[in-house]
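Here's the structure, in C-alpha cells; my notes come after.
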Amino acid sequence: MNQSTSRLRAGVARSAVVVAALMASAAATAQTAAPGNSDNIPIPADPAAQTAEDASNGDEIVVTGTRIRRPDFESPSPVVSVSAAAIQQAGSTNLTDIIAQVPALQGSTTSADTAGSGVGIGASGLNVLNLRNLGTDRTLVLIDGRRQVASVPGSQAIDIGTIPSDLVERFDVLTGGVSAVYGADAVTGVVNFVLKRNFEGITARAQAGISEYGDAGKRLLAVTVGKNFADGRGNVALAYEYGSESRLESRDRARLRGNGLVSFQRNPNDPEFRPGYTGGASNGIPDNIPTRDVRYNDTAREGGIDVDFDGQPDYIVNGAGQLVPFQLGTVLRPGFSQGGTGTKTADYLNDLLPRIDRHVVNAITHFDVSPALTLFAEGKYARNKSFTVGQPSFDYYLLAEDGNPYLPAGLPNLGNGGVLITRDNFDIGQRGETITRETYRAVVGAKGQINDHGSYELSYVFGQSDIANRYVNNTYNDRFYAALDAVRDPSNGQITCRVNLQPNWTPNQPYASRTVVNPTTFRPGECVPLNLFGDGAPSQAALDFVRATTTDRSRLRQHVVSGSISGDFGQFFKLPGGPVNFALGAEYRKEESRFVPDAIAAQGLTFTNSLGREEGQFDVKEGFAELDAPILKDLPFAYRLSVGAAIRFSDYSTIGGTTTWKVNGTYAPVRDIVFNGTYSKAVRAPNIGELFAGQSQTFAFITDPCDRAELQNGTATRAANCRTLLSGLGVADPANYVDARSTNISGFSGGNSQLREEEATTWTAGAVLQPRFIPGLSLRADWYDINLRGAINTVAANEVARLCVDQATLDNVFCRSITRTNVASNTAAVGNITSFVVAPQNVARFSTAGLDVNVNYAFDAGSAGRFNLRLIGNYLDKLEFIGTPGAPVTNRRQEAGYRAPKYSANADLTWSLENVTVNYGVNFMDKTLRYANLTNENNPDVVAPEYKYIKAMWQHDIYVSVDATDRFQFFGGVNNVFGQKADIADTTYIQQVIGRYMFAGARIKM
C-alpha cells in the first residue's frame, strides 16, 4: 500500500469518527419526541409529480436524491417522476418498456435487446436501465432509497423484472450530484422505485394483451393483501405478482423472413469497389443500396461441398438428395451474394422477444413502538425464467476424407484426398438458453424521532441472486469431429466412426473452424456416425450423440449496513431563511460475485465460447454528510434563496479511498419562478467483473477497417496507418487489400485487476415555473452536462480494430489487442485479423449534455371533467466518446444504434369524468442516422439521401378505464394505434415490429 492510499484510508476513518460523534451529540440533545412520518418515502421534486393544489398544502416531504426533508419544489436537482396510474395506463406488463419511454432512459436494455443471437451468453430476458446512454454500470437503481443485489454476475446492474410493477407507487429519475448522496454507480444518476406502504385490504389486477398478429402476448396477475394492527400502529402487507411474456420469432413477421428481409448491401453498380478504381471515395453513386434475398455465398444449410479447396463451395445435396452445383448468385461483397443457394441471412435473425415468466413475492411490515422507534422489515423472493433461441452451430472447411461412405455419388475425382464442408447446422438445432434467476432480498431496520429537530434511521439489507443458465442444442467438439469421420466397418459393412475401430484415433481437421480436441466426453464404441451432406441428413441417433446441454451457475451476494440522522439546527440557531438542515451517516457495503461455467464448456469442449471462472468480492466503508442552508426567505426579490452541499468519503478494499462531493443552489426571486443549479464530482469504482473476470473465449464479426472498401469510412489517418500496418506484415499491395472472409473471429475477453476509479464532473442548471395566473401549470427545464474521465470501457472487437488505425499513431493500446497474420506465418491470408483481446481499461472519456423539459398542466373543467396534460421532453446536445487520450472524438448523437435521437418526448393527455378515465399518449423519437456519424462525415455517398435517416418514431396510445362500482374497475387500450411500421431494413424500435398491441384487464378492491 503506498503512502497516499494510507492517508486516504486514515482520512475516511477520521471522517467516520466525526460522523459518529455528531450522531451521538444529536441524540444527547433530544428533548421531546414527536410523531414522525413512518413511511419516510422520497417524493419527487418534479413539478409534474403533483398538482399546484397538492403543492400548496404545506406538507414537507423527502425528495429523491437527498436525505434532507424539504418542500417539494425547493429541490435543486432535476427529477422526473412517473406514477402508478401512468404505469398502468401504458398497457405493458414489463416495467422497463414503460421506463424506456422516458427520454433520459431510452437507451435501456429491454426484453427486445436480450433475445436471439444478438444477446451475450447469460443475458437472455434481462431488463436493465441505462441513464443518459452512458452505460448500465453507471446507473444506480434503488428501491425506497436502498440498494438491491445485482442480477448480472460481476456487475451492479439490477434486473427490473424483479420489481413488482403493481406494488410500485411511482419511480423517480434523477440526474445531478447524487453520487455524493447514494455512493458509487450513480455517475449518471439514480432511478428510485418507491413502493406502496400502509396498505389495507385486498386488491387484485389481471391483464392480458396481444399484437394485431395474434402473438407477442403479455399477461399479468397481481394480488396485494394488507392489514393494519395495534390500532393502526402497525401494518403488514403481502404482494404476489405473476408476469408472462411470449416469445416472438423473426419468422413471425413477413418482412423479416426469407426474401422479405431487406438489408443495405454494397451497390454492384458503384465502380468504387472495383480493383484499380481511382475516382475517389465520393463519386455521387450510393455505396449501399437496399437489397433482398441476401445470402452467405460461402456456406449453406445443406453443407457447401468444396472439391478444389479454394474456399468456395462447388456443390450441395438438395432436398431431393441430388448432387447439384452450388449457385454463387450475384456477389455483393466478400462472403455475401444476392440469390444463389447459400444460407439466407434472414435465417440468422432468430428471436425478436424471449419467453419470460416471473414470480415475485414481496412482504412489507412496520410497527410504531413509540414516536422514537419504528421497526420495519421487508422480504422479497423473485424467480424469473427466460428462454430464447439464437443461431445454430456453423462450420467452415470441415474435412470429409475420401472413402467417407456419406460422400454423395457423382463427385469428381477427389485429388485433395477428400472434400471440405462449409455448413450452417440448422438441422442439429438452433442453440438456445434457458436462464433461471432467483433473487432474495431482506431489509430490517429501525427509525424514529430524536426530538423536534432530528430523526434517525438504521437498516441492514441482505441480497442474493442465484442464476442458472442452461444452454441447449450446443455440440460437443470431440464427438462432432469423431462422428464426422465416418467409415465402413470391414467386419459387417455397416457405417461407423473411425474412432470405434481405432481407439487411438485423433481428428484430422487441419482446416476446421473449431478448436480440434481429442476424444474426451465419450469412449470408443459409443460414437454414432454423422451425415452432413444435405439439410436434415443427420440421423436422430447422431444428433443425440453430438448435442450437448450445459449449465453455468452464478451467485451474487450483497450486505449493506447503513445509519443516518437528519434534521435541522433550529434549536441552536436560524438563518434569515430558516434553520440549517443536515444529514449525516455512515455505510458499510460488501459485494460478492461468483460465476462457475459448466465443467465441459470451460475446457473448450463445446461449440460455445470457452468461459473462464469469475470470482471476486470487495467491501467499502463510507461516511457522508449533507447540508442545506436557507439564506433568505419571503423578501422582495428573494422569495427563497438557499445553498447546499454534500460529501462522501469512501474506502474500497480494491482501489483505496475516493471522495465525491456536490454543491447546489436555489433562488426564487418571486414565488412563480425558481432557478436551480448543481455542480458535483462523482466517482465509480470498478465492479467485480471488470476487476476479476477470468479469461474467456469470445467470437466477433470484424469488418476489417483496412479493407480497401473501408478505408474511406474512418478518420484521415486510416489509409496511411493501414498502409504502414499491412506493409509491415508483408502485404504486397496494401491499398487493394481485401478480407474475403464472412466468418466470425475467435478472441478473448477478461478482467483487469489494475483498474482505477473513473471520475465524472457533472453540472445542471434550470428553472421551475409555476405562474399564479395559470393555476395548475408547472414547467421545469434543466440543462445537464456530464463529463466522464478515465472511464472504464471494454471496447467491442470491431471497434478495437477501427480505433487501432483511426488514431494519430499505431502505437496505441488497441493495436496491441489485435493479432494479424504475417507473410511468414500464412502467405495466403497475410494481413488478416486472426485474434483479439478485449478487456476493460481506464482509457476512455465520455461526455453528454442536453436539455430536459417537464411540463404538467392540470385543470378542472367543471361538468366537462378534469384534464391533465403531461410532457417529458429532451434535446440531446452531445453524446461523445473518446477512445484514448488524444484520440479523435466519436460522436454518437443521432445514431440509431445508440437510440440517441436529437429530440425525444413522451406526452399524455388524461381526461376523467365521474367513473371514466381516458388517456391519450404519444411517444416520439426523432429521426436517427442509419450509419455512424463518422461514416457519414467521411463518406457522403455511403447511402442515398432518402435512406440516410431512419424515420422518426411516432407511437400513439389510447387507454380507457371504467369504474363499474367502488370495487370493480375495467380497463383496456391500444398501443401503436395507427400501426406505424418499422423503417426499411430496421428493427431499432421493436414496438413498430410488433405492430398494434391491444390489452384489457380488470382491477378489484376489497
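How things are named: the first chain in the C-alpha cells is A, the next is B, and so on; residues count from 1 in each chain; ligands count from 1 in the order shown.
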
Under the rule of at most 12 Å, produce a per-residue listing of region 643-723 of chain A near region 781-796 of chain A: chain, number, name, the closest pair of atoms, and the distance in Å, as CSV, using only C-alpha atoms.
residue,atom,partner,partner_atom,distance
A:Ile673,CA,A:Ala781,CA,11.4
A:Val674,CA,A:Ala781,CA,10.6
A:Phe675,CA,A:Asp782,CA,9.5
A:Asn676,CA,A:Asp782,CA,8.4
A:Gly677,CA,A:Asp782,CA,8.6
A:Thr678,CA,A:Tyr784,CA,9.3
A:Tyr679,CA,A:Asp785,CA,9.6
A:Ser680,CA,A:Ile786,CA,9.7
A:Lys681,CA,A:Asn787,CA,9.7
A:Ala682,CA,A:Leu788,CA,8.9
A:Val683,CA,A:Leu788,CA,9.0
A:Arg684,CA,A:Ala791,CA,8.9
A:Ala685,CA,A:Ile792,CA,9.1
A:Pro686,CA,A:Ile792,CA,7.3
A:Asn687,CA,A:Ile792,CA,9.9
A:Gly689,CA,A:Thr794,CA,11.3
A:Glu690,CA,A:Ile792,CA,8.2
A:Leu691,CA,A:Ile792,CA,10.4
A:Thr698,CA,A:Ala796,CA,10.8
A:Phe699,CA,A:Ala796,CA,10.5
A:Ala700,CA,A:Ala796,CA,8.5
A:Phe701,CA,A:Ala796,CA,10.2
A:Ile702,CA,A:Ala796,CA,9.6
A:Thr703,CA,A:Ala796,CA,12.0

*Skipping near chain neighbours, those fewer than 3 positions away, what residues fall within 8 Å of Tyr652 (chain A) using only C-alpha atoms, listed as JSON, numbers by chain?*
{"A": [618, 619, 620, 621, 655, 656, 657, 658]}

Quick one: residues within 9 Å of Asp427 (chain A), only C-alpha atoms counted, chain neighbours fewer than 3 positions away excluded, as a PDB file with N, CA and C atoms, in the first residue's frame?
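New file selection-v1.pdb:
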ATOM      1  N   ARG A 301     -27.001 -24.300 -45.691  1.00  0.00           N
ATOM      2  CA  ARG A 301     -27.662 -25.177 -44.717  1.00  0.00           C
ATOM      3  C   ARG A 301     -27.452 -26.639 -45.074  1.00  0.00           C
ATOM      4  N   PRO A 392     -27.648 -21.394 -34.993  1.00  0.00           N
ATOM      5  CA  PRO A 392     -27.148 -22.757 -34.828  1.00  0.00           C
ATOM      6  C   PRO A 392     -25.619 -22.758 -34.797  1.00  0.00           C
ATOM      7  N   ASP A 424     -24.083 -24.477 -42.190  1.00  0.00           N
ATOM      8  CA  ASP A 424     -24.865 -23.900 -41.094  1.00  0.00           C
ATOM      9  C   ASP A 424     -25.787 -24.996 -40.575  1.00  0.00           C
ATOM     10  N   GLN A 430     -31.091 -24.977 -33.473  1.00  0.00           N
ATOM     11  CA  GLN A 430     -30.647 -23.635 -33.109  1.00  0.00           C
ATOM     12  C   GLN A 430     -30.354 -23.608 -31.614  1.00  0.00           C
ATOM     13  N   ASP A 535     -29.522 -30.888 -45.932  1.00  0.00           N
ATOM     14  CA  ASP A 535     -30.257 -30.352 -44.795  1.00  0.00           C
ATOM     15  C   ASP A 535     -31.202 -31.429 -44.258  1.00  0.00           C
ATOM     16  N   GLY A 536     -31.037 -31.809 -43.004  1.00  0.00           N
ATOM     17  CA  GLY A 536     -31.833 -32.863 -42.418  1.00  0.00           C
ATOM     18  C   GLY A 536     -31.234 -34.239 -42.579  1.00  0.00           C
ATOM     19  N   ALA A 537     -30.007 -34.325 -43.093  1.00  0.00           N
ATOM     20  CA  ALA A 537     -29.374 -35.621 -43.327  1.00  0.00           C
ATOM     21  C   ALA A 537     -28.974 -36.362 -42.055  1.00  0.00           C
ATOM     22  N   PRO A 538     -28.579 -35.675 -40.961  1.00  0.00           N
ATOM     23  CA  PRO A 538     -28.142 -36.408 -39.759  1.00  0.00           C
ATOM     24  C   PRO A 538     -29.274 -37.258 -39.182  1.00  0.00           C
ATOM     25  N   LEU A 543     -27.696 -37.065 -33.916  1.00  0.00           N
ATOM     26  CA  LEU A 543     -27.997 -35.792 -33.263  1.00  0.00           C
ATOM     27  C   LEU A 543     -27.923 -35.933 -31.749  1.00  0.00           C
TER      28      LEU A 543
END

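Using only C-alpha atoms, the shortest contact distance between Phe387 (chain A) and any of A:Gln449, A:Asn425, A:Thr374, A:Thr114 is found at A:Thr114.
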
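Comparing A:Leu105, A:Cys722, A:Val823, A:Ile121 by their smallest distance to Ala905 (chain A), the closest is A:Leu105 (using only C-alpha atoms).
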
*If you run DSSP over the backbone, which residues in region 122-259 of chain A end up helix (DSSP H, G or I)? Put them as a PyMOL selection string.*
chain A and resi 131-133+136-138+160-162+165-167+179-182+250-252+254-256+258-259

Write out the residues from the selection above, keeping C-alpha atoms, as a CSV table (one decimal), in the first residue's frame.
chain,number,residue,atom,x,y,z
A,131,LEU,CA,-29.4,6.5,-17.9
A,132,ARG,CA,-28.1,9.1,-20.4
A,133,ASN,CA,-26.8,6.4,-22.6
A,136,THR,CA,-25.8,0.4,-17.2
A,137,ASP,CA,-22.9,0.2,-14.7
A,138,ARG,CA,-23.2,4.0,-14.2
A,160,ILE,CA,-36.1,-4.5,-13.3
A,161,GLY,CA,-38.2,-7.7,-13.7
A,162,THR,CA,-37.5,-8.4,-10.0
A,165,SER,CA,-45.0,-3.4,-11.0
A,166,ASP,CA,-48.3,-3.5,-9.1
A,167,LEU,CA,-46.5,-2.6,-5.9
A,179,SER,CA,-23.2,10.1,-6.2
A,180,ALA,CA,-22.3,12.0,-3.0
A,181,VAL,CA,-25.7,11.1,-1.5
A,182,TYR,CA,-26.0,7.5,-2.6
A,250,SER,CA,-38.4,-13.1,-36.6
A,251,ARG,CA,-40.0,-15.5,-39.0
A,252,ASP,CA,-43.4,-14.4,-37.5
A,254,ALA,CA,-43.2,-11.5,-43.3
A,255,ARG,CA,-40.8,-8.5,-43.7
A,256,LEU,CA,-38.1,-10.3,-41.7
A,258,GLY,CA,-36.9,-15.3,-46.4
A,259,ASN,CA,-36.8,-13.0,-49.3

*Rank nothing, just name the residue among A:Val663, A:Lys227, A:Val922, A:Lys633 nearest to Ala646 (chain A), using only C-alpha atoms.*
A:Val663

*Would you mind listing what lies within 12 Å of region 805-818 of chain A as a VMD selection string, with only C-alpha atoms counted and same-chain residues fewer than 5 positions away left out?*
chain A and resid 702 704 to 707 710 to 726 728 745 to 749 794 to 800 831 to 844 882 to 890 934

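Atom pair CA of Arg514 (chain A) / CA of Thr341 (chain A): separated by 23.9 Å.
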
For Gly403 (chain A), find every residue with an atom within 8 Å (counting only C-alpha atoms), except residues of its own chain fewer than 4 positions away, and show them as a PDB file with C-alpha atoms, in the first residue's frame.
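To be explicit, this is the file written out as out-v4.pdb:
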ATOM      1  CA  LEU A 407     -19.901 -38.675 -49.702  1.00  0.00           C
ATOM      2  CA  GLY A 418     -11.483 -35.538 -49.691  1.00  0.00           C
ATOM      3  CA  VAL A 487     -16.002 -45.250 -42.363  1.00  0.00           C
TER       4      VAL A 487
END

I'd like to know which residues of region 659-903 of chain A are strand (DSSP E or B) (by DSSP, run on the backbone); could you write them as a PDB file with C-alpha atoms, in the first residue's frame?
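Result went into result.pdb, see below:
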ATOM      1  CA  THR A 659     -14.146  11.371  -2.381  1.00  0.00           C
ATOM      2  CA  THR A 660     -17.292  12.633  -4.046  1.00  0.00           C
ATOM      3  CA  TRP A 661     -18.991  15.939  -3.419  1.00  0.00           C
ATOM      4  CA  LYS A 662     -21.570  18.345  -4.729  1.00  0.00           C
ATOM      5  CA  VAL A 663     -22.731  21.916  -4.194  1.00  0.00           C
ATOM      6  CA  ASN A 664     -26.099  23.289  -5.195  1.00  0.00           C
ATOM      7  CA  GLY A 665     -28.191  26.407  -5.025  1.00  0.00           C
ATOM      8  CA  THR A 666     -31.808  27.526  -5.327  1.00  0.00           C
ATOM      9  CA  TYR A 667     -33.003  31.076  -5.975  1.00  0.00           C
ATOM     10  CA  ALA A 668     -36.593  32.201  -6.343  1.00  0.00           C
ATOM     11  CA  PRO A 669     -36.897  35.970  -6.889  1.00  0.00           C
ATOM     12  CA  VAL A 670     -40.675  35.590  -6.706  1.00  0.00           C
ATOM     13  CA  ILE A 673     -40.182  31.046 -10.669  1.00  0.00           C
ATOM     14  CA  VAL A 674     -37.263  29.159  -9.146  1.00  0.00           C
ATOM     15  CA  PHE A 675     -33.723  28.876 -10.526  1.00  0.00           C
ATOM     16  CA  ASN A 676     -31.706  25.796  -9.587  1.00  0.00           C
ATOM     17  CA  GLY A 677     -28.204  24.553 -10.137  1.00  0.00           C
ATOM     18  CA  THR A 678     -25.833  21.790  -9.049  1.00  0.00           C
ATOM     19  CA  TYR A 679     -22.131  21.098  -9.539  1.00  0.00           C
ATOM     20  CA  SER A 680     -20.570  17.847  -8.476  1.00  0.00           C
ATOM     21  CA  LYS A 681     -17.721  15.403  -8.707  1.00  0.00           C
ATOM     22  CA  ALA A 682     -18.737  11.757  -8.917  1.00  0.00           C
ATOM     23  CA  VAL A 683     -16.688   8.578  -8.951  1.00  0.00           C
ATOM     24  CA  ARG A 684     -17.364   4.968  -9.879  1.00  0.00           C
ATOM     25  CA  SER A 696     -12.983 -16.318 -21.656  1.00  0.00           C
ATOM     26  CA  GLN A 697     -13.158 -17.150 -25.308  1.00  0.00           C
ATOM     27  CA  THR A 698     -15.379 -14.934 -27.385  1.00  0.00           C
ATOM     28  CA  PHE A 699     -16.243 -14.510 -31.054  1.00  0.00           C
ATOM     29  CA  ALA A 700     -16.902 -11.418 -33.123  1.00  0.00           C
ATOM     30  CA  ILE A 745     -13.162 -14.485 -35.386  1.00  0.00           C
ATOM     31  CA  SER A 746     -12.158 -16.070 -32.098  1.00  0.00           C
ATOM     32  CA  GLY A 747     -10.690 -13.879 -29.374  1.00  0.00           C
ATOM     33  CA  PHE A 748     -10.517 -13.488 -25.633  1.00  0.00           C
ATOM     34  CA  SER A 749     -12.051 -11.228 -23.017  1.00  0.00           C
ATOM     35  CA  GLU A 758     -13.408   6.713 -13.036  1.00  0.00           C
ATOM     36  CA  GLU A 759     -14.298  10.326 -12.291  1.00  0.00           C
ATOM     37  CA  ALA A 760     -17.103  12.480 -13.588  1.00  0.00           C
ATOM     38  CA  THR A 761     -17.809  16.175 -13.382  1.00  0.00           C
ATOM     39  CA  THR A 762     -21.490  16.966 -13.669  1.00  0.00           C
ATOM     40  CA  TRP A 763     -23.490  20.144 -13.523  1.00  0.00           C
ATOM     41  CA  THR A 764     -27.109  21.090 -14.007  1.00  0.00           C
ATOM     42  CA  ALA A 765     -28.845  24.437 -14.321  1.00  0.00           C
ATOM     43  CA  GLY A 766     -32.531  25.014 -14.666  1.00  0.00           C
ATOM     44  CA  ALA A 767     -35.711  26.762 -13.731  1.00  0.00           C
ATOM     45  CA  VAL A 768     -39.127  25.853 -12.354  1.00  0.00           C
ATOM     46  CA  LEU A 769     -42.090  27.966 -13.447  1.00  0.00           C
ATOM     47  CA  LEU A 777     -49.389  24.753 -14.634  1.00  0.00           C
ATOM     48  CA  SER A 778     -45.905  23.584 -13.695  1.00  0.00           C
ATOM     49  CA  LEU A 779     -42.924  23.730 -16.015  1.00  0.00           C
ATOM     50  CA  ARG A 780     -39.370  22.680 -15.336  1.00  0.00           C
ATOM     51  CA  ALA A 781     -36.400  22.926 -17.707  1.00  0.00           C
ATOM     52  CA  ASP A 782     -32.911  21.721 -16.779  1.00  0.00           C
ATOM     53  CA  TRP A 783     -29.656  21.684 -18.683  1.00  0.00           C
ATOM     54  CA  TYR A 784     -27.341  18.816 -17.754  1.00  0.00           C
ATOM     55  CA  ASP A 785     -23.682  18.244 -18.562  1.00  0.00           C
ATOM     56  CA  ILE A 786     -21.745  15.078 -17.676  1.00  0.00           C
ATOM     57  CA  ASN A 787     -18.028  14.674 -18.357  1.00  0.00           C
ATOM     58  CA  LEU A 788     -16.522  11.285 -17.513  1.00  0.00           C
ATOM     59  CA  ARG A 789     -12.730  10.899 -17.440  1.00  0.00           C
ATOM     60  CA  GLY A 790     -10.661   7.756 -17.062  1.00  0.00           C
ATOM     61  CA  ALA A 791     -13.780   5.844 -17.984  1.00  0.00           C
ATOM     62  CA  ILE A 792     -13.672   2.080 -17.613  1.00  0.00           C
ATOM     63  CA  ASN A 793     -14.507   0.772 -21.031  1.00  0.00           C
ATOM     64  CA  ILE A 818      -5.290  -7.149 -32.426  1.00  0.00           C
ATOM     65  CA  THR A 819      -3.364 -10.072 -33.965  1.00  0.00           C
ATOM     66  CA  ARG A 820      -2.865 -10.311 -37.744  1.00  0.00           C
ATOM     67  CA  ILE A 833      -7.094 -10.394 -38.345  1.00  0.00           C
ATOM     68  CA  THR A 834      -6.866 -13.771 -36.605  1.00  0.00           C
ATOM     69  CA  SER A 835      -7.424 -12.965 -32.936  1.00  0.00           C
ATOM     70  CA  PHE A 836      -8.095 -10.172 -30.489  1.00  0.00           C
ATOM     71  CA  VAL A 837      -8.148  -9.438 -26.782  1.00  0.00           C
ATOM     72  CA  VAL A 838     -10.695  -7.163 -25.155  1.00  0.00           C
ATOM     73  CA  GLN A 841      -9.284  -0.154 -19.264  1.00  0.00           C
ATOM     74  CA  ASN A 842      -9.288   3.383 -17.849  1.00  0.00           C
ATOM     75  CA  VAL A 843      -8.701   4.886 -21.269  1.00  0.00           C
ATOM     76  CA  ALA A 844     -11.975   6.386 -22.366  1.00  0.00           C
ATOM     77  CA  ARG A 845     -13.720   9.670 -21.959  1.00  0.00           C
ATOM     78  CA  PHE A 846     -17.462  10.076 -22.272  1.00  0.00           C
ATOM     79  CA  SER A 847     -19.438  13.285 -22.298  1.00  0.00           C
ATOM     80  CA  THR A 848     -23.062  14.144 -22.803  1.00  0.00           C
ATOM     81  CA  ALA A 849     -25.170  17.246 -22.452  1.00  0.00           C
ATOM     82  CA  GLY A 850     -28.705  18.251 -23.159  1.00  0.00           C
ATOM     83  CA  LEU A 851     -31.925  19.836 -22.013  1.00  0.00           C
ATOM     84  CA  ASP A 852     -34.729  18.118 -20.105  1.00  0.00           C
ATOM     85  CA  VAL A 853     -38.174  19.692 -20.213  1.00  0.00           C
ATOM     86  CA  ASN A 854     -41.022  18.644 -17.940  1.00  0.00           C
ATOM     87  CA  VAL A 855     -44.472  20.165 -18.227  1.00  0.00           C
ATOM     88  CA  ASN A 856     -47.634  19.417 -16.274  1.00  0.00           C
ATOM     89  CA  TYR A 857     -50.918  21.292 -16.645  1.00  0.00           C
ATOM     90  CA  ALA A 858     -53.938  20.153 -14.657  1.00  0.00           C
ATOM     91  CA  PHE A 859     -57.275  21.923 -14.528  1.00  0.00           C
ATOM     92  CA  ASP A 860     -60.892  21.241 -13.651  1.00  0.00           C
ATOM     93  CA  ARG A 866     -60.802  17.125 -15.275  1.00  0.00           C
ATOM     94  CA  PHE A 867     -57.853  17.348 -17.660  1.00  0.00           C
ATOM     95  CA  ASN A 868     -54.161  16.752 -17.141  1.00  0.00           C
ATOM     96  CA  LEU A 869     -51.504  17.348 -19.790  1.00  0.00           C
ATOM     97  CA  ARG A 870     -48.048  15.924 -19.220  1.00  0.00           C
ATOM     98  CA  LEU A 871     -44.925  16.269 -21.366  1.00  0.00           C
ATOM     99  CA  ILE A 872     -41.412  14.943 -20.743  1.00  0.00           C
ATOM    100  CA  GLY A 873     -39.011  16.040 -23.467  1.00  0.00           C
ATOM    101  CA  ASN A 874     -35.292  16.031 -24.189  1.00  0.00           C
ATOM    102  CA  TYR A 875     -32.917  17.805 -26.507  1.00  0.00           C
ATOM    103  CA  LEU A 876     -29.612  15.898 -26.838  1.00  0.00           C
ATOM    104  CA  ASP A 877     -26.802  18.368 -27.443  1.00  0.00           C
ATOM    105  CA  LYS A 878     -23.941  15.848 -27.475  1.00  0.00           C
ATOM    106  CA  LEU A 879     -23.084  12.231 -26.786  1.00  0.00           C
ATOM    107  CA  GLU A 880     -19.358  11.765 -27.318  1.00  0.00           C
ATOM    108  CA  PHE A 881     -16.826   9.004 -26.849  1.00  0.00           C
ATOM    109  CA  ILE A 882     -13.031   9.330 -26.893  1.00  0.00           C
ATOM    110  CA  VAL A 889     -13.972  12.336 -30.801  1.00  0.00           C
ATOM    111  CA  THR A 890     -16.585   9.772 -31.801  1.00  0.00           C
ATOM    112  CA  ASN A 891     -19.981  11.446 -31.864  1.00  0.00           C
ATOM    113  CA  GLU A 895     -27.121   7.403 -34.232  1.00  0.00           C
ATOM    114  CA  TYR A 903     -35.141  15.246 -29.926  1.00  0.00           C
TER     115      TYR A 903
END

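In this structure, CA of Arg498 (chain A) sits 15.4 Å away from CA of Thr520 (chain A).
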